Each structure stands twice: as C-alpha cells, then as structure tokens.
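Text of final37.cif, listed as mmCIF, C-alpha atoms and all ligand atoms:
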```
data_upload
loop_
_atom_site.label_atom_id
_atom_site.label_comp_id
_atom_site.auth_asym_id
_atom_site.auth_seq_id
_atom_site.Cartn_x
_atom_site.Cartn_y
_atom_site.Cartn_z
CA MET A 1 -43.78 -50.69 -24.37
CA LYS A 2 -40.33 -49.40 -25.28
CA PRO A 3 -37.70 -49.24 -22.52
CA GLN A 4 -36.98 -45.61 -21.61
CA PHE A 5 -33.55 -43.93 -21.51
CA PHE A 6 -33.13 -40.53 -19.82
CA ILE A 7 -30.37 -38.25 -21.14
CA THR A 8 -29.47 -35.09 -19.17
CA HIS A 9 -27.49 -32.49 -21.10
CA LEU A 10 -25.70 -30.01 -18.83
CA TYR A 11 -25.27 -26.35 -19.90
CA PRO A 12 -25.70 -26.80 -23.71
CA ASP A 13 -25.79 -23.01 -24.18
CA GLU A 14 -22.44 -22.33 -22.51
CA MET A 15 -20.61 -25.65 -22.80
CA SER A 16 -20.77 -27.00 -26.33
CA ILE A 17 -17.92 -26.22 -28.74
CA TYR A 18 -16.14 -27.95 -31.65
CA GLY A 19 -19.24 -29.99 -32.54
CA ASP A 20 -19.87 -31.51 -29.11
CA MET A 21 -23.63 -31.67 -29.85
CA GLY A 22 -22.70 -34.58 -32.12
CA ASN A 23 -22.36 -36.74 -29.00
CA ILE A 24 -26.03 -36.22 -28.13
CA ILE A 25 -27.03 -36.93 -31.76
CA ALA A 26 -24.96 -40.14 -31.82
CA MET A 27 -26.23 -41.39 -28.46
CA ARG A 28 -29.88 -40.68 -29.37
CA PHE A 29 -29.47 -42.31 -32.84
CA ARG A 30 -28.00 -45.49 -31.40
CA LEU A 31 -30.52 -45.75 -28.55
CA GLU A 32 -33.47 -45.33 -30.94
CA LYS A 33 -32.00 -47.94 -33.31
CA TYR A 34 -31.80 -50.27 -30.30
CA GLY A 35 -35.51 -49.69 -29.60
CA PHE A 36 -35.33 -47.25 -26.66
CA GLU A 37 -37.65 -44.29 -26.10
CA VAL A 38 -35.18 -41.44 -25.46
CA ILE A 39 -36.18 -38.69 -23.02
CA TYR A 40 -33.80 -35.74 -23.61
CA GLN A 41 -33.54 -33.32 -20.66
CA ILE A 42 -31.63 -30.01 -20.68
CA VAL A 43 -30.29 -28.48 -17.45
CA GLY A 44 -28.91 -24.93 -17.48
CA GLN A 45 -27.93 -22.36 -14.89
CA GLY A 46 -30.36 -22.09 -11.98
CA GLN A 47 -32.10 -25.37 -12.87
CA ASP A 48 -32.10 -28.50 -10.69
CA LEU A 49 -31.00 -31.87 -11.99
CA PRO A 50 -33.97 -34.09 -12.97
CA GLU A 51 -35.01 -37.01 -10.78
CA THR A 52 -34.01 -39.66 -13.33
CA THR A 53 -30.91 -39.77 -15.53
CA ASP A 54 -29.33 -42.76 -17.26
CA TRP A 55 -26.57 -40.73 -18.92
CA TYR A 56 -25.21 -37.20 -18.37
CA PHE A 57 -23.43 -35.19 -21.06
CA MET A 58 -21.40 -31.96 -20.74
CA GLY A 59 -19.46 -30.44 -23.62
CA GLY A 60 -16.42 -28.23 -23.74
CA GLY A 61 -16.17 -24.46 -23.35
CA GLN A 62 -13.82 -21.49 -23.37
CA ASP A 63 -12.27 -20.41 -20.04
CA LYS A 64 -14.79 -17.53 -19.89
CA GLU A 65 -17.83 -19.82 -20.04
CA GLN A 66 -16.24 -22.16 -17.50
CA GLU A 67 -15.80 -19.22 -15.12
CA VAL A 68 -19.48 -18.28 -15.72
CA ILE A 69 -21.04 -21.66 -14.92
CA TYR A 70 -18.77 -23.36 -12.35
CA GLN A 71 -20.48 -21.91 -9.27
CA ASP A 72 -23.86 -23.11 -10.57
CA LEU A 73 -22.35 -26.53 -11.33
CA LEU A 74 -21.07 -26.75 -7.74
CA LYS A 75 -24.72 -26.46 -6.56
CA LYS A 76 -25.42 -29.72 -8.44
CA LYS A 77 -22.46 -31.56 -6.86
CA LYS A 78 -24.45 -33.61 -4.28
CA LYS A 79 -26.95 -35.17 -6.70
CA LEU A 80 -24.47 -35.55 -9.58
CA SER A 81 -21.83 -37.20 -7.37
CA LYS A 82 -24.45 -39.55 -5.86
CA ASP A 83 -25.63 -40.60 -9.33
CA ILE A 84 -22.05 -41.25 -10.51
CA GLU A 85 -21.32 -43.28 -7.36
CA ASN A 86 -24.48 -45.30 -8.15
CA GLY A 87 -23.16 -46.10 -11.64
CA VAL A 88 -25.02 -43.55 -13.78
CA GLY A 89 -23.08 -42.90 -17.01
CA LEU A 90 -21.50 -39.55 -17.85
CA LEU A 91 -19.44 -38.16 -20.70
CA ALA A 92 -17.68 -34.82 -20.18
CA ILE A 93 -15.62 -33.30 -22.98
CA CYS A 94 -12.60 -31.02 -22.40
CA GLY A 95 -13.91 -27.98 -20.46
CA GLY A 96 -16.64 -30.15 -18.95
CA TYR A 97 -14.03 -32.77 -17.99
CA GLN A 98 -11.87 -30.08 -16.36
CA LEU A 99 -14.76 -28.76 -14.24
CA LEU A 100 -15.61 -32.27 -13.01
CA GLY A 101 -12.02 -32.63 -11.75
CA LYS A 102 -10.86 -31.23 -8.41
CA GLN A 103 -9.54 -27.85 -9.58
CA PHE A 104 -9.07 -25.79 -12.75
CA ILE A 105 -6.76 -22.78 -12.93
CA THR A 106 -7.84 -20.84 -16.04
CA GLY A 107 -5.60 -18.96 -18.49
CA ASN A 108 -6.54 -15.78 -16.57
CA GLY A 109 -5.33 -17.38 -13.33
CA VAL A 110 -8.90 -17.78 -11.95
CA ASP A 111 -8.90 -20.65 -9.42
CA VAL A 112 -12.05 -22.64 -10.30
CA GLU A 113 -13.25 -25.25 -7.75
CA GLY A 114 -14.27 -28.49 -9.48
CA LEU A 115 -16.74 -31.18 -8.42
CA GLY A 116 -13.99 -33.71 -7.72
CA ILE A 117 -15.71 -36.54 -9.62
CA PHE A 118 -12.45 -37.11 -11.49
CA ASN A 119 -9.23 -37.20 -9.47
CA VAL A 120 -7.51 -34.63 -11.69
CA ILE A 121 -6.22 -31.07 -11.42
CA THR A 122 -5.99 -28.82 -14.50
CA LYS A 123 -3.80 -25.75 -14.92
CA ALA A 124 -4.06 -23.66 -18.10
CA SER A 125 -0.65 -23.13 -19.63
CA GLY A 126 -1.37 -19.42 -20.02
CA LYS A 127 -3.09 -17.25 -22.61
CA ASN A 128 -0.37 -17.85 -25.19
CA VAL A 129 -2.13 -19.53 -28.14
CA LYS A 130 1.11 -21.33 -29.12
CA GLN A 131 0.92 -23.27 -25.85
CA ARG A 132 -2.38 -25.02 -26.67
CA CYS A 133 -2.74 -28.74 -27.40
CA ILE A 134 -4.42 -28.72 -30.81
CA GLY A 135 -4.89 -31.44 -33.39
CA ASN A 136 -6.09 -34.97 -34.08
CA VAL A 137 -5.70 -37.60 -31.38
CA VAL A 138 -5.36 -41.37 -31.73
CA GLU A 139 -5.23 -43.43 -28.54
CA GLU A 140 -5.39 -47.02 -27.33
CA CYS A 141 -8.37 -47.40 -25.04
CA MET A 142 -7.64 -48.59 -21.49
CA ILE A 143 -11.23 -49.37 -20.41
CA ASP A 144 -11.35 -53.11 -19.53
CA GLU A 145 -14.19 -53.93 -21.96
CA LEU A 146 -12.54 -51.95 -24.81
CA LYS A 147 -8.90 -52.76 -24.03
CA GLY A 148 -6.63 -52.23 -27.02
CA GLN A 149 -9.35 -50.73 -29.20
CA VAL A 150 -8.43 -47.44 -30.85
CA LEU A 151 -10.24 -44.16 -30.12
CA VAL A 152 -9.94 -41.12 -32.37
CA GLY A 153 -10.86 -37.48 -31.90
CA PHE A 154 -9.75 -33.86 -32.05
CA GLU A 155 -8.33 -31.77 -29.21
CA ASN A 156 -8.05 -28.04 -28.60
CA HIS A 157 -7.18 -27.07 -25.01
CA GLY A 158 -4.73 -24.96 -23.08
CA GLY A 159 -5.43 -26.78 -19.83
CA GLN A 160 -2.85 -29.34 -18.69
CA THR A 161 -4.54 -32.10 -16.68
CA GLU A 162 -2.62 -34.12 -14.11
CA ALA A 163 -3.67 -36.86 -11.70
CA GLY A 164 -4.66 -35.54 -8.27
CA LEU A 165 -2.19 -36.07 -5.41
CA ALA A 166 -4.27 -38.56 -3.42
CA GLY A 167 -6.61 -41.26 -4.68
CA SER A 168 -6.71 -43.34 -7.86
CA PHE A 169 -6.52 -42.10 -11.45
CA LYS A 170 -7.45 -44.25 -14.44
CA PRO A 171 -6.81 -42.76 -17.91
CA LEU A 172 -9.22 -43.38 -20.79
CA GLY A 173 -6.38 -44.05 -23.23
CA ARG A 174 -2.68 -44.30 -24.00
CA VAL A 175 -1.81 -41.66 -26.63
CA ILE A 176 -0.56 -42.95 -30.00
CA ALA A 177 -0.77 -39.60 -31.84
CA GLY A 178 -1.54 -36.12 -30.47
CA PHE A 179 -1.12 -34.72 -26.93
CA GLY A 180 -3.85 -35.88 -24.49
CA ASN A 181 -4.06 -34.71 -20.86
CA THR A 182 -0.83 -32.73 -21.12
CA TYR A 183 1.79 -32.03 -23.76
CA ASP A 184 3.78 -35.08 -22.79
CA SER A 185 2.05 -37.36 -20.22
CA GLY A 186 1.26 -39.95 -22.90
CA PHE A 187 -2.20 -40.49 -21.44
CA GLU A 188 -5.60 -39.00 -22.24
CA GLY A 189 -8.84 -38.60 -20.32
CA CYS A 190 -10.01 -40.16 -17.07
CA VAL A 191 -12.45 -42.93 -16.16
CA TYR A 192 -14.26 -43.24 -12.84
CA LYS A 193 -16.95 -45.95 -12.57
CA ASN A 194 -19.22 -45.28 -15.60
CA ALA A 195 -18.13 -41.65 -15.97
CA ILE A 196 -15.61 -40.61 -18.64
CA GLY A 197 -13.81 -37.29 -18.98
CA THR A 198 -11.95 -36.80 -22.23
CA TYR A 199 -10.30 -34.20 -24.45
CA LEU A 200 -11.74 -35.91 -27.55
CA HIS A 201 -13.87 -33.43 -29.44
CA GLY A 202 -14.57 -34.39 -32.97
CA SER A 203 -17.30 -35.35 -32.02
CA CYS A 204 -16.17 -38.17 -29.80
CA LEU A 205 -19.10 -40.64 -29.97
CA PRO A 206 -19.87 -40.46 -33.72
CA LYS A 207 -16.21 -41.40 -34.36
CA ASN A 208 -16.12 -44.08 -31.65
CA PRO A 209 -19.40 -46.09 -31.76
CA GLN A 210 -17.87 -48.70 -29.45
CA LEU A 211 -17.75 -46.06 -26.71
CA THR A 212 -21.44 -45.21 -27.27
CA ASP A 213 -22.26 -48.91 -26.93
CA TRP A 214 -20.14 -49.11 -23.76
CA PHE A 215 -22.32 -46.45 -22.12
CA ILE A 216 -25.52 -48.14 -23.33
CA HIS A 217 -24.45 -51.58 -22.08
CA LYS A 218 -23.52 -50.10 -18.68
CA ALA A 219 -26.98 -48.48 -18.42
CA ILE A 220 -28.69 -51.76 -19.42
CA GLU A 221 -26.69 -53.56 -16.71
CA LYS A 222 -27.62 -50.91 -14.14
CA GLN A 223 -31.34 -51.05 -15.09
CA LYS A 224 -31.14 -54.91 -15.09
CA LEU A 225 -32.82 -54.88 -18.51
CA VAL A 226 -33.08 -58.07 -20.58
CA ILE A 227 -32.96 -56.80 -24.18
CA ASP A 228 -31.67 -58.05 -27.53
CA LEU A 229 -29.83 -55.24 -29.29
CA PRO A 230 -30.15 -55.35 -33.11
CA LYS A 231 -26.97 -54.99 -35.19
CA ILE A 232 -26.34 -51.41 -36.38
CA ASP A 233 -24.58 -50.69 -39.69
CA ASP A 234 -21.54 -48.62 -38.61
CA MET A 235 -19.99 -48.42 -42.07
CA ILE A 236 -19.72 -44.60 -42.10
CA GLY A 237 -18.11 -44.44 -38.63
CA ILE A 238 -15.73 -47.25 -39.57
CA LYS A 239 -14.71 -45.46 -42.79
CA VAL A 240 -14.07 -42.20 -40.88
CA ARG A 241 -11.88 -44.02 -38.37
CA GLU A 242 -9.93 -45.85 -41.08
CA CYS A 243 -9.27 -42.55 -42.85
CA LEU A 244 -8.07 -40.88 -39.63
CA LEU A 245 -5.93 -43.87 -38.65
CA GLN A 246 -4.27 -43.83 -42.06
CA ARG A 247 -3.50 -40.14 -41.61
CA PHE A 248 -2.54 -40.10 -37.94
CA GLY A 249 -2.37 -43.57 -36.44
N1 LIG B 1 -11.11 -23.65 -21.86
C1 LIG B 1 -10.48 -24.96 -21.65
C2 LIG B 1 -9.02 -24.99 -22.17
O1 LIG B 1 -8.65 -24.17 -22.98
C3 LIG B 1 -11.31 -26.02 -22.35
C4 LIG B 1 -11.34 -25.86 -23.87
C5 LIG B 1 -12.33 -26.81 -24.52
O2 LIG B 1 -13.35 -27.18 -23.97
N2 LIG B 1 -12.05 -27.20 -25.82
O3 LIG B 1 -8.27 -25.87 -21.77
#
```
Will you turn the file into structure tokens for me?
Ligand code: GLN
Amino acid sequence: MKPQFFITHLYPDEMSIYGDMGNIIAMRFRLEKYGFEVIYQIVGQGQDLPETTDWYFMGGGQDKEQEVIYQDLLKKKKKLSKDIENGVGLLAICGGYQLLGKQFITGNGVDVEGLGIFNVITKASGKNVKQRCIGNVVEECMIDELKGQVLVGFENHGGQTEAGLAGSFKPLGRVIAGFGNTYDSGFEGCVYKNAIGTYLHGSCLPKNPQLTDWFIHKAIEKQKLVIDLPKIDDMIGIKVRECLLQRFG
C-alpha cells in the first residue's frame, strides 16, 4: 500500500501565471518517484477546502484576479490558518504570497485584506510598468535546513512587500541578484512554519529541487512516516541552475 499525499491547489483558473503550474508538476513528479500515491485536489471560488491536505499551492496573478478572488479566499481563512499552524506545508507564489500576507494595496489603490498567514504588507508601486520588479533572481536560502544553498527563479511584480509592524518576519532568502520583496530590501519571500511565500516564478520548484524535498520531508515528519526515499537523478535541474548561476549569480 503506497503512502498517500494530498495536494490542494487553490484557484488554478485565476491564480497561475508565468508557468506556476510547473510547481504542481514538479511536486507530483518527485512524490511519485518517492513511491507516494498523489491525490490532487483543486479548490476554486465557492468551494470549501478538503478535509485532508499535506501541501497547499497557490500561484501568482494580476491585480485584477487578486481583487476577484480575495473575498472568497478570506472565507477559507479559518481552516487554512489552522492547517498552517498545525504544520501543513504551503507554497504561495507572488500574487498568492501577497494575499496570504496581512494587506495588499493594488496598483488601482484597492485595499485588499489578506489572510495574515505571513506577517507582511504589500503595496503596489502604481500602474507604471517601469516600476515593476522584473527579471531573474538568485538568492541565498535562509531556511535552517537549506542554509547557504542557492535558490533561483524569475520575478515580475509591482507589489513591494515589507515586514508587518508587529510580530516576527523570516525571509526565505538573501538576494544575490535581482530585486526580491522590494526594489532594495535585499531579502526575498517569507517563511512561517512549513509555509513559504515567494516571488520566485520560473517555475520555482523545478529549478530548486531541494525546496521540493524540504516540503516532502516536512510532510513525512508531520505524518510520522518511516520511509526510505530513493535517489532521484536531478541532472536537468542541476544543469539549469548552473546555467542561471553563470549568467546571474
Ligand atoms: N499582481 C501582483 C503584482 O503585480 C502579483 C503579480 C504576480 O503574481 N506575478 O505585484
């Protein structure tokens, strides 16, 4: 009997840009290679969160889509926050990351209430395209288990994300190349328990297999599974990273 792994993908129709679906593909590929039976669940507007989730995913989106879905997302706050507090994994990219912070002021000046899972506040710099953070990102990971390892990705956001006034804030990485949370903070993303918000499109997980494994190990720990994980040949991912590091790192 294969161990089961439940993935819940939030708003794939509205919140999935710049190849974010690649994160689901990478997570499913790695889990199946490790011998898991993957149950893939989609949750859209008007739908309740499923009973069981081992890992949530939410991609990025334009301001307009964020304004469309945020009130529905707020209805899921209680169950989602409880799961995150209990150590369920989550990856939110860019627009998804912003909506899981405390507040997001869009380029149109719409004040969007966030779920407050991440202690961050995001303000769009305005509708002026020149003021967007766009390009490849290289950063030094600050997660304890991946300390010093390099993460790579691609960013395209107007929103400038700062730490919230009260409470703790732990970045995902220290920027080596690119922008990150703001034009000049020098930090990128946010980590809270086993939840990660990040501006790394690209897609993030195919380019950073060590991050995929981090989520999987955290879920194995939480499920108290005893399982030997076979070695996976990451040659393609390694080659992609080497190429990007040569160009940008
Ligand atoms: N609309 C948000 C911004 O421009 C998020 C964009 C995204 O998800 N790439 O900051």
Nearest residue to ligand LIG 1 (chain B) from the set A:Glu221, A:Asp54, A:Glu155, A:Glu242 (distances using only C-alpha atoms and all ligand atoms):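 Smallest distance to ligand LIG 1 (chain B) is found for A:Glu155.
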Point (-20.9, -48.7, -19.0) neighbourhood (12 Å, all atoms listed in the file) written as a VMD selection string: chain A and resid 54 to 55 84 86 to 91 143 to 146 191 to 196 210 to 223
Between CA of Gln160 (chain A) and CA of Phe179 (chain A) - distance in Å to one decimal: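 Distance reported for this atom pair: 10.0 Å.
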Separation of CA of Leu205 (chain A) from CA of Thr106 (chain A) in Å: 26.7 Å
Separation of CA of Leu172 (chain A) from CA of Cys141 (chain A) in Å: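 Spanning CA of Cys141 (chain A) to CA of Leu172 (chain A) is a straight-line distance of 5.9 Å.
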Contacts to ligand LIG 1 (chain B) at 8 Å cut-off (only C-alpha atoms and all ligand atoms) as a ChimeraX atom specification: /A:15-18,59-66,93-96,98,106-107,124,132,155-160,199,201
Top pick for closest residue to Ile39 (chain A), considering A:Pro3, A:Arg241, A:Ile69, A:Glu14 and counting only C-alpha atoms: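 Under the stated criterion, the closest residue is A:Pro3.
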Pick from A:Gly135, A:Thr8, A:Met21, A:Gly35 nearest to Leu229 (chain A), counting only C-alpha atoms: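 Distance minimum relative to Leu229 (chain A) lands on A:Gly35.
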Of the listed residues A:Val152, A:Leu31, A:Ile134, A:Ile7, that which approaches Pro230 (chain A) most closely, counting only C-alpha atoms: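 Once distances to Pro230 (chain A) are computed over only C-alpha atoms, the minimum belongs to A:Leu31.
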Counting all atoms listed in the file, the residue of A:Asp48, A:Asp13, A:Glu162, A:Glu139 that sits nearest Asn119 (chain A):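 Once distances to Asn119 (chain A) are computed over all atoms listed in the file, the minimum belongs to A:Glu162.
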Non-local contacts of Tyr97 (chain A) (7 Å; all atoms listed in the file; under 4 positions in same chain excluded) as an NGL selection string: :A and (92-93 or 101 or 197-198)
Pick from A:Val38, A:Met1, A:Leu99, A:Met27, whichever lies nearest to Pro209 (chain A) using all atoms listed in the file: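 Under the stated criterion, the closest residue is A:Met27.
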Is there a way to complete region 78-89 of chain A with all heavy atoms and then write that out as a JSON list (two decimals), in the coordinates of the input?
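As a result, part-v6.json now contains:
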```json
[["chain", "number", "residue", "atom", "x", "y", "z"],
["A", 78, "LYS", "N", -23.94, -32.52, -5.15],
["A", 78, "LYS", "CA", -24.45, -33.61, -4.28],
["A", 78, "LYS", "C", -25.18, -34.67, -5.12],
["A", 78, "LYS", "O", -24.84, -35.85, -5.09],
["A", 78, "LYS", "CB", -25.37, -33.02, -3.21],
["A", 78, "LYS", "CG", -25.77, -34.00, -2.09],
["A", 78, "LYS", "CD", -26.31, -33.24, -0.85],
["A", 78, "LYS", "CE", -26.77, -34.23, 0.23],
["A", 78, "LYS", "NZ", -28.20, -34.53, 0.18],
["A", 79, "LYS", "N", -26.13, -34.21, -5.92],
["A", 79, "LYS", "CA", -26.95, -35.17, -6.70],
["A", 79, "LYS", "C", -26.12, -35.81, -7.80],
["A", 79, "LYS", "O", -26.19, -37.01, -8.03],
["A", 79, "LYS", "CB", -28.14, -34.40, -7.29],
["A", 79, "LYS", "CG", -28.87, -35.05, -8.46],
["A", 79, "LYS", "CD", -29.83, -36.11, -8.06],
["A", 79, "LYS", "CE", -30.70, -36.55, -9.26],
["A", 79, "LYS", "NZ", -30.90, -38.00, -9.33],
["A", 80, "LEU", "N", -25.27, -35.02, -8.47],
["A", 80, "LEU", "CA", -24.47, -35.55, -9.58],
["A", 80, "LEU", "C", -23.48, -36.59, -9.05],
["A", 80, "LEU", "O", -23.35, -37.69, -9.60],
["A", 80, "LEU", "CB", -23.74, -34.42, -10.30],
["A", 80, "LEU", "CG", -23.06, -34.75, -11.64],
["A", 80, "LEU", "CD1", -24.05, -35.35, -12.63],
["A", 80, "LEU", "CD2", -22.42, -33.50, -12.24],
["A", 81, "SER", "N", -22.81, -36.26, -7.95],
["A", 81, "SER", "CA", -21.83, -37.20, -7.37],
["A", 81, "SER", "C", -22.51, -38.49, -6.92],
["A", 81, "SER", "O", -22.01, -39.59, -7.14],
["A", 81, "SER", "CB", -21.13, -36.55, -6.17],
["A", 81, "SER", "OG", -20.51, -35.33, -6.57],
["A", 82, "LYS", "N", -23.70, -38.36, -6.33],
["A", 82, "LYS", "CA", -24.45, -39.55, -5.86],
["A", 82, "LYS", "C", -24.82, -40.44, -7.05],
["A", 82, "LYS", "O", -24.62, -41.66, -7.02],
["A", 82, "LYS", "CB", -25.72, -39.09, -5.12],
["A", 82, "LYS", "CG", -26.59, -40.21, -4.57],
["A", 82, "LYS", "CD", -27.68, -39.63, -3.61],
["A", 82, "LYS", "CE", -28.84, -40.59, -3.47],
["A", 82, "LYS", "NZ", -29.84, -40.43, -4.57],
["A", 83, "ASP", "N", -25.27, -39.83, -8.13],
["A", 83, "ASP", "CA", -25.63, -40.60, -9.33],
["A", 83, "ASP", "C", -24.41, -41.33, -9.90],
["A", 83, "ASP", "O", -24.47, -42.50, -10.25],
["A", 83, "ASP", "CB", -26.23, -39.69, -10.41],
["A", 83, "ASP", "CG", -27.70, -39.35, -10.14],
["A", 83, "ASP", "OD1", -28.26, -39.92, -9.16],
["A", 83, "ASP", "OD2", -28.26, -38.52, -10.87],
["A", 84, "ILE", "N", -23.27, -40.62, -9.95],
["A", 84, "ILE", "CA", -22.05, -41.25, -10.51],
["A", 84, "ILE", "C", -21.62, -42.41, -9.61],
["A", 84, "ILE", "O", -21.28, -43.50, -10.08],
["A", 84, "ILE", "CB", -20.92, -40.21, -10.66],
["A", 84, "ILE", "CG1", -21.33, -39.07, -11.60],
["A", 84, "ILE", "CG2", -19.61, -40.87, -11.11],
["A", 84, "ILE", "CD1", -21.79, -39.48, -12.96],
["A", 85, "GLU", "N", -21.68, -42.19, -8.29],
["A", 85, "GLU", "CA", -21.32, -43.28, -7.36],
["A", 85, "GLU", "C", -22.25, -44.48, -7.55],
["A", 85, "GLU", "O", -21.83, -45.62, -7.38],
["A", 85, "GLU", "CB", -21.41, -42.79, -5.90],
["A", 85, "GLU", "CG", -20.28, -41.86, -5.48],
["A", 85, "GLU", "CD", -18.89, -42.48, -5.67],
["A", 85, "GLU", "OE1", -18.72, -43.70, -5.38],
["A", 85, "GLU", "OE2", -17.99, -41.76, -6.14],
["A", 86, "ASN", "N", -23.52, -44.20, -7.93],
["A", 86, "ASN", "CA", -24.48, -45.30, -8.15],
["A", 86, "ASN", "C", -24.39, -45.90, -9.54],
["A", 86, "ASN", "O", -25.24, -46.71, -9.92],
["A", 86, "ASN", "CB", -25.92, -44.80, -7.90],
["A", 86, "ASN", "CG", -26.17, -44.53, -6.42],
["A", 86, "ASN", "OD1", -25.49, -45.11, -5.57],
["A", 86, "ASN", "ND2", -27.10, -43.64, -6.13],
["A", 87, "GLY", "N", -23.38, -45.47, -10.33],
["A", 87, "GLY", "CA", -23.16, -46.10, -11.64],
["A", 87, "GLY", "C", -23.86, -45.45, -12.81],
["A", 87, "GLY", "O", -23.90, -46.02, -13.91],
["A", 88, "VAL", "N", -24.44, -44.25, -12.63],
["A", 88, "VAL", "CA", -25.02, -43.55, -13.78],
["A", 88, "VAL", "C", -23.88, -43.13, -14.72],
["A", 88, "VAL", "O", -22.80, -42.75, -14.27],
["A", 88, "VAL", "CB", -25.82, -42.30, -13.32],
["A", 88, "VAL", "CG1", -26.29, -41.47, -14.51],
["A", 88, "VAL", "CG2", -27.01, -42.74, -12.46],
["A", 89, "GLY", "N", -24.12, -43.24, -16.03],
["A", 89, "GLY", "CA", -23.08, -42.90, -17.01],
["A", 89, "GLY", "C", -22.95, -41.40, -17.19],
["A", 89, "GLY", "O", -23.90, -40.64, -16.94]]
```
